[in-house]
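To be precise, the following lines are input-v1.cif, and they hold mmCIF, N, CA and C atoms and all ligand atoms.
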```cif
data_data
loop_
_atom_site.label_atom_id
_atom_site.label_comp_id
_atom_site.auth_asym_id
_atom_site.auth_seq_id
_atom_site.Cartn_x
_atom_site.Cartn_y
_atom_site.Cartn_z
N MET A 24 141.93 -22.45 -129.05
CA MET A 24 141.01 -22.79 -127.95
C MET A 24 140.24 -21.57 -127.46
N ASP A 25 141.00 -20.46 -127.34
CA ASP A 25 140.34 -19.21 -126.92
C ASP A 25 139.25 -18.80 -127.89
N GLN A 26 139.58 -18.95 -129.20
CA GLN A 26 138.62 -18.55 -130.23
C GLN A 26 137.32 -19.35 -130.11
N HIS A 27 137.48 -20.68 -129.87
CA HIS A 27 136.32 -21.55 -129.72
C HIS A 27 135.45 -21.07 -128.54
N PHE A 28 136.12 -20.74 -127.45
CA PHE A 28 135.42 -20.28 -126.26
C PHE A 28 134.63 -19.00 -126.53
N ILE A 29 135.29 -18.08 -127.26
CA ILE A 29 134.63 -16.82 -127.58
C ILE A 29 133.37 -17.06 -128.43
N ASN A 30 133.48 -17.98 -129.42
CA ASN A 30 132.31 -18.29 -130.24
C ASN A 30 131.16 -18.83 -129.41
N ASN A 31 131.47 -19.74 -128.47
CA ASN A 31 130.41 -20.27 -127.62
C ASN A 31 129.73 -19.17 -126.81
N GLU A 32 130.54 -18.25 -126.32
CA GLU A 32 129.98 -17.14 -125.55
C GLU A 32 129.04 -16.32 -126.42
N ASN A 33 129.43 -16.12 -127.69
CA ASN A 33 128.58 -15.35 -128.59
C ASN A 33 127.24 -16.03 -128.81
N VAL A 34 127.29 -17.35 -129.02
CA VAL A 34 126.04 -18.09 -129.25
C VAL A 34 125.15 -18.00 -128.03
N THR A 35 125.73 -18.15 -126.85
CA THR A 35 124.95 -18.06 -125.62
C THR A 35 124.28 -16.69 -125.51
N ALA A 36 125.05 -15.65 -125.79
CA ALA A 36 124.50 -14.29 -125.72
C ALA A 36 123.40 -14.10 -126.75
N LEU A 37 123.62 -14.62 -127.95
CA LEU A 37 122.61 -14.49 -129.00
C LEU A 37 121.33 -15.23 -128.64
N LYS A 38 121.48 -16.43 -128.08
CA LYS A 38 120.29 -17.20 -127.69
C LYS A 38 119.52 -16.50 -126.59
N GLN A 39 120.26 -15.89 -125.66
CA GLN A 39 119.59 -15.13 -124.60
C GLN A 39 118.82 -13.96 -125.19
N GLU A 40 119.44 -13.31 -126.20
CA GLU A 40 118.78 -12.18 -126.85
C GLU A 40 117.52 -12.64 -127.60
N VAL A 41 117.62 -13.79 -128.29
CA VAL A 41 116.45 -14.35 -128.99
C VAL A 41 115.33 -14.62 -127.99
N HIS A 42 115.68 -15.24 -126.86
CA HIS A 42 114.70 -15.56 -125.84
C HIS A 42 114.04 -14.29 -125.29
N ARG A 43 114.87 -13.28 -125.05
CA ARG A 43 114.37 -12.00 -124.52
C ARG A 43 113.39 -11.37 -125.51
N LEU A 44 113.77 -11.38 -126.80
CA LEU A 44 112.92 -10.76 -127.81
C LEU A 44 111.62 -11.53 -128.00
N LYS A 45 111.67 -12.87 -127.89
CA LYS A 45 110.44 -13.66 -128.00
C LYS A 45 109.48 -13.29 -126.87
N GLU A 46 110.04 -13.11 -125.68
CA GLU A 46 109.18 -12.70 -124.56
C GLU A 46 108.59 -11.31 -124.81
N ARG A 47 109.40 -10.44 -125.40
CA ARG A 47 108.95 -9.09 -125.72
C ARG A 47 107.83 -9.13 -126.77
N ILE A 48 107.99 -10.00 -127.78
CA ILE A 48 106.97 -10.15 -128.81
C ILE A 48 105.66 -10.64 -128.18
N ALA A 49 105.76 -11.61 -127.29
CA ALA A 49 104.56 -12.13 -126.62
C ALA A 49 103.86 -11.01 -125.84
N GLN A 50 104.66 -10.17 -125.17
CA GLN A 50 104.10 -9.03 -124.43
C GLN A 50 103.38 -8.07 -125.37
N LEU A 51 104.02 -7.78 -126.50
CA LEU A 51 103.44 -6.83 -127.46
C LEU A 51 102.15 -7.39 -128.06
N GLU A 52 102.14 -8.69 -128.35
CA GLU A 52 100.93 -9.29 -128.91
C GLU A 52 99.79 -9.26 -127.89
N GLU A 53 100.13 -9.44 -126.62
CA GLU A 53 99.12 -9.33 -125.57
C GLU A 53 98.56 -7.91 -125.51
N GLN A 54 99.46 -6.92 -125.65
CA GLN A 54 99.01 -5.53 -125.65
C GLN A 54 98.06 -5.26 -126.80
N ILE A 55 98.37 -5.80 -127.99
CA ILE A 55 97.50 -5.61 -129.15
C ILE A 55 96.14 -6.25 -128.88
N LEU A 56 96.12 -7.49 -128.35
CA LEU A 56 94.86 -8.16 -128.04
C LEU A 56 94.05 -7.33 -127.05
N PHE A 57 94.72 -6.77 -126.07
CA PHE A 57 94.06 -5.96 -125.05
C PHE A 57 93.39 -4.75 -125.69
N ILE A 58 94.14 -4.06 -126.56
CA ILE A 58 93.60 -2.89 -127.27
C ILE A 58 92.41 -3.30 -128.14
N GLN A 59 92.56 -4.45 -128.85
CA GLN A 59 91.50 -4.89 -129.75
C GLN A 59 90.23 -5.26 -128.99
N GLN A 60 90.40 -5.79 -127.77
CA GLN A 60 89.23 -6.14 -126.96
C GLN A 60 88.48 -4.89 -126.49
N LYS A 61 89.20 -3.79 -126.28
CA LYS A 61 88.57 -2.57 -125.78
C LYS A 61 88.11 -1.63 -126.89
N CYS A 62 88.53 -1.92 -128.13
CA CYS A 62 88.28 -1.02 -129.26
C CYS A 62 86.79 -0.97 -129.61
N GLN A 63 86.30 0.23 -129.93
CA GLN A 63 85.00 0.38 -130.57
C GLN A 63 85.28 0.27 -132.07
N HIS A 64 85.18 -0.95 -132.60
CA HIS A 64 85.66 -1.20 -133.96
C HIS A 64 84.96 -0.33 -135.01
N ALA A 65 85.75 0.08 -135.99
CA ALA A 65 85.24 0.77 -137.17
C ALA A 65 85.73 -0.04 -138.37
N PHE A 66 84.85 -0.92 -138.89
CA PHE A 66 85.30 -1.90 -139.88
C PHE A 66 85.35 -1.36 -141.30
N PHE A 67 86.42 -1.77 -141.99
CA PHE A 67 86.53 -1.60 -143.43
C PHE A 67 86.30 -2.98 -144.03
N GLU A 68 85.29 -3.10 -144.92
CA GLU A 68 84.94 -4.43 -145.42
C GLU A 68 85.45 -4.71 -146.83
N THR A 69 85.93 -5.93 -147.02
CA THR A 69 86.24 -6.45 -148.34
C THR A 69 85.32 -7.66 -148.53
N PRO A 70 85.26 -8.27 -149.71
CA PRO A 70 84.38 -9.44 -149.88
C PRO A 70 84.68 -10.60 -148.92
N SER A 71 85.91 -10.74 -148.47
CA SER A 71 86.24 -11.91 -147.67
C SER A 71 86.54 -11.62 -146.20
N ILE A 72 86.95 -10.41 -145.90
CA ILE A 72 87.25 -10.07 -144.51
C ILE A 72 86.72 -8.68 -144.18
N ARG A 73 86.63 -8.40 -142.91
CA ARG A 73 86.48 -7.01 -142.50
C ARG A 73 87.54 -6.71 -141.45
N LYS A 74 88.08 -5.50 -141.54
CA LYS A 74 89.22 -5.12 -140.72
C LYS A 74 88.93 -3.79 -140.06
N CYS A 75 89.23 -3.70 -138.77
CA CYS A 75 89.02 -2.45 -138.06
C CYS A 75 90.13 -1.46 -138.44
N VAL A 76 89.72 -0.27 -138.84
CA VAL A 76 90.72 0.73 -139.26
C VAL A 76 91.46 1.32 -138.05
N LYS A 77 90.93 1.13 -136.87
CA LYS A 77 91.56 1.69 -135.68
C LYS A 77 92.57 0.74 -135.04
N CYS A 78 92.15 -0.52 -134.83
CA CYS A 78 93.04 -1.46 -134.11
C CYS A 78 93.56 -2.59 -134.99
N GLN A 79 93.10 -2.64 -136.27
CA GLN A 79 93.53 -3.67 -137.23
C GLN A 79 93.03 -5.07 -136.89
N TYR A 80 92.01 -5.16 -136.05
CA TYR A 80 91.38 -6.44 -135.78
C TYR A 80 90.73 -6.94 -137.08
N VAL A 81 90.94 -8.23 -137.39
CA VAL A 81 90.43 -8.80 -138.65
C VAL A 81 89.42 -9.90 -138.36
N GLU A 82 88.28 -9.81 -139.04
CA GLU A 82 87.28 -10.86 -138.97
C GLU A 82 87.08 -11.47 -140.34
N SER A 83 87.06 -12.79 -140.42
CA SER A 83 86.78 -13.47 -141.68
C SER A 83 85.28 -13.44 -141.93
N LEU A 84 84.90 -13.23 -143.19
CA LEU A 84 83.48 -13.20 -143.53
C LEU A 84 83.04 -14.47 -144.23
N HIS A 85 83.83 -15.56 -144.09
CA HIS A 85 83.41 -16.85 -144.64
C HIS A 85 82.43 -17.50 -143.70
N TYR A 86 81.33 -17.91 -144.26
CA TYR A 86 80.28 -18.52 -143.40
C TYR A 86 80.33 -20.03 -143.45
ZN ZN A 101 89.00 -1.99 -133.56
#
```

The structure in this file should be written as structure tokens.
Ligand SMILES: [Zn+2]
Amino acid sequence: MDQHFINNENVTALKQEVHRLKERIAQLEEQILFIQQKCQHAFFETPSIRKCVKCQYVESLHY
């Protein structure tokens, strides 16, 4: 019974950690968007996309 309880505690802790990290990822993605919005882009072009070498912002060149 104790063992079962310990396992449940572990799952709860792991789920909390997953939730925390998802929130952290969302924060980091917002930071990237913020940087990309302020960037003076310097694009590197390929036939299908162009990508900023500074902030990694990607634009599709499909019309
Ligand atoms: Zn840029």

Residue list (strand (DSSP E), DSSP) for chain A, as number ranges by chain: A: 66-68, 72-75, 81-83

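Atom ZN of ligand ZN 101 (chain A) sits 6.1 Å away from atom CA of A:Gln79.
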
Within 6 Å of ligand ZN 101 (chain A) (counting only N, CA and C atoms and all ligand atoms), which residues show up? I'd like them as an mmCIF file with N, CA and C atoms, in the coordinates of the input.
```cif
data_model
loop_
_atom_site.group_PDB
_atom_site.id
_atom_site.type_symbol
_atom_site.label_atom_id
_atom_site.label_comp_id
_atom_site.auth_asym_id
_atom_site.auth_seq_id
_atom_site.Cartn_x
_atom_site.Cartn_y
_atom_site.Cartn_z
ATOM 1 N N GLN A 59 92.560 -4.450 -128.850
ATOM 2 C CA GLN A 59 91.500 -4.890 -129.750
ATOM 3 C C GLN A 59 90.230 -5.260 -128.990
ATOM 4 N N CYS A 62 88.530 -1.920 -128.130
ATOM 5 C CA CYS A 62 88.280 -1.020 -129.260
ATOM 6 C C CYS A 62 86.790 -0.970 -129.610
ATOM 7 N N GLN A 63 86.300 0.230 -129.930
ATOM 8 C CA GLN A 63 85.000 0.380 -130.570
ATOM 9 C C GLN A 63 85.280 0.270 -132.070
ATOM 10 N N HIS A 64 85.180 -0.950 -132.600
ATOM 11 C CA HIS A 64 85.660 -1.200 -133.960
ATOM 12 C C HIS A 64 84.960 -0.330 -135.010
ATOM 13 N N ALA A 65 85.750 0.080 -135.990
ATOM 14 C CA ALA A 65 85.240 0.770 -137.170
ATOM 15 C C ALA A 65 85.730 -0.040 -138.370
ATOM 16 N N CYS A 75 89.230 -3.700 -138.770
ATOM 17 C CA CYS A 75 89.020 -2.450 -138.060
ATOM 18 C C CYS A 75 90.130 -1.460 -138.440
ATOM 19 N N VAL A 76 89.720 -0.270 -138.840
ATOM 20 C CA VAL A 76 90.720 0.730 -139.260
ATOM 21 C C VAL A 76 91.460 1.320 -138.050
ATOM 22 N N LYS A 77 90.930 1.130 -136.870
ATOM 23 C CA LYS A 77 91.560 1.690 -135.680
ATOM 24 C C LYS A 77 92.570 0.740 -135.040
ATOM 25 N N CYS A 78 92.150 -0.520 -134.830
ATOM 26 C CA CYS A 78 93.040 -1.460 -134.110
ATOM 27 C C CYS A 78 93.560 -2.590 -134.990
ATOM 28 N N GLN A 79 93.100 -2.640 -136.270
ATOM 29 C CA GLN A 79 93.530 -3.670 -137.230
ATOM 30 C C GLN A 79 93.030 -5.070 -136.890
ATOM 31 N N TYR A 80 92.010 -5.160 -136.050
ATOM 32 C CA TYR A 80 91.380 -6.440 -135.780
ATOM 33 C C TYR A 80 90.730 -6.940 -137.080
#
```

Test item: residues at most 6 Å from A:Arg73, all atoms listed in the file, excluding those fewer than 5 positions along its chain, as a PyMOL selection string: chain A and resi 66-68+80-84

Distance in Å - atom CA of A:Asn30 versus atom CA of A:His42: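 Atom-to-atom, atom CA of A:Asn30 to atom CA of A:His42, that is 18.4 Å.
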
Point-to-point distance in Å for atom C of A:Glu53 and atom C of A:His85: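 We find that atom C of A:His85 and atom C of A:Glu53 lie 26.1 Å from each other.
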
Chain A: residues DSSP assigns to alpha helix (DSSP H), reported as a ChimeraX atom specification: /A:25-61

Can you sort out the box for stretch 50-66 of chain A, edges along x, y and z, all listed atoms in, 5 Å on every side, with centre and edge lengths in Å to one decimal, as JSON?
```
{"center_x": 94.8, "center_y": -4.7, "center_z": -132.9, "size_x": 29.8, "size_y": 20.9, "size_z": 26.9}
```
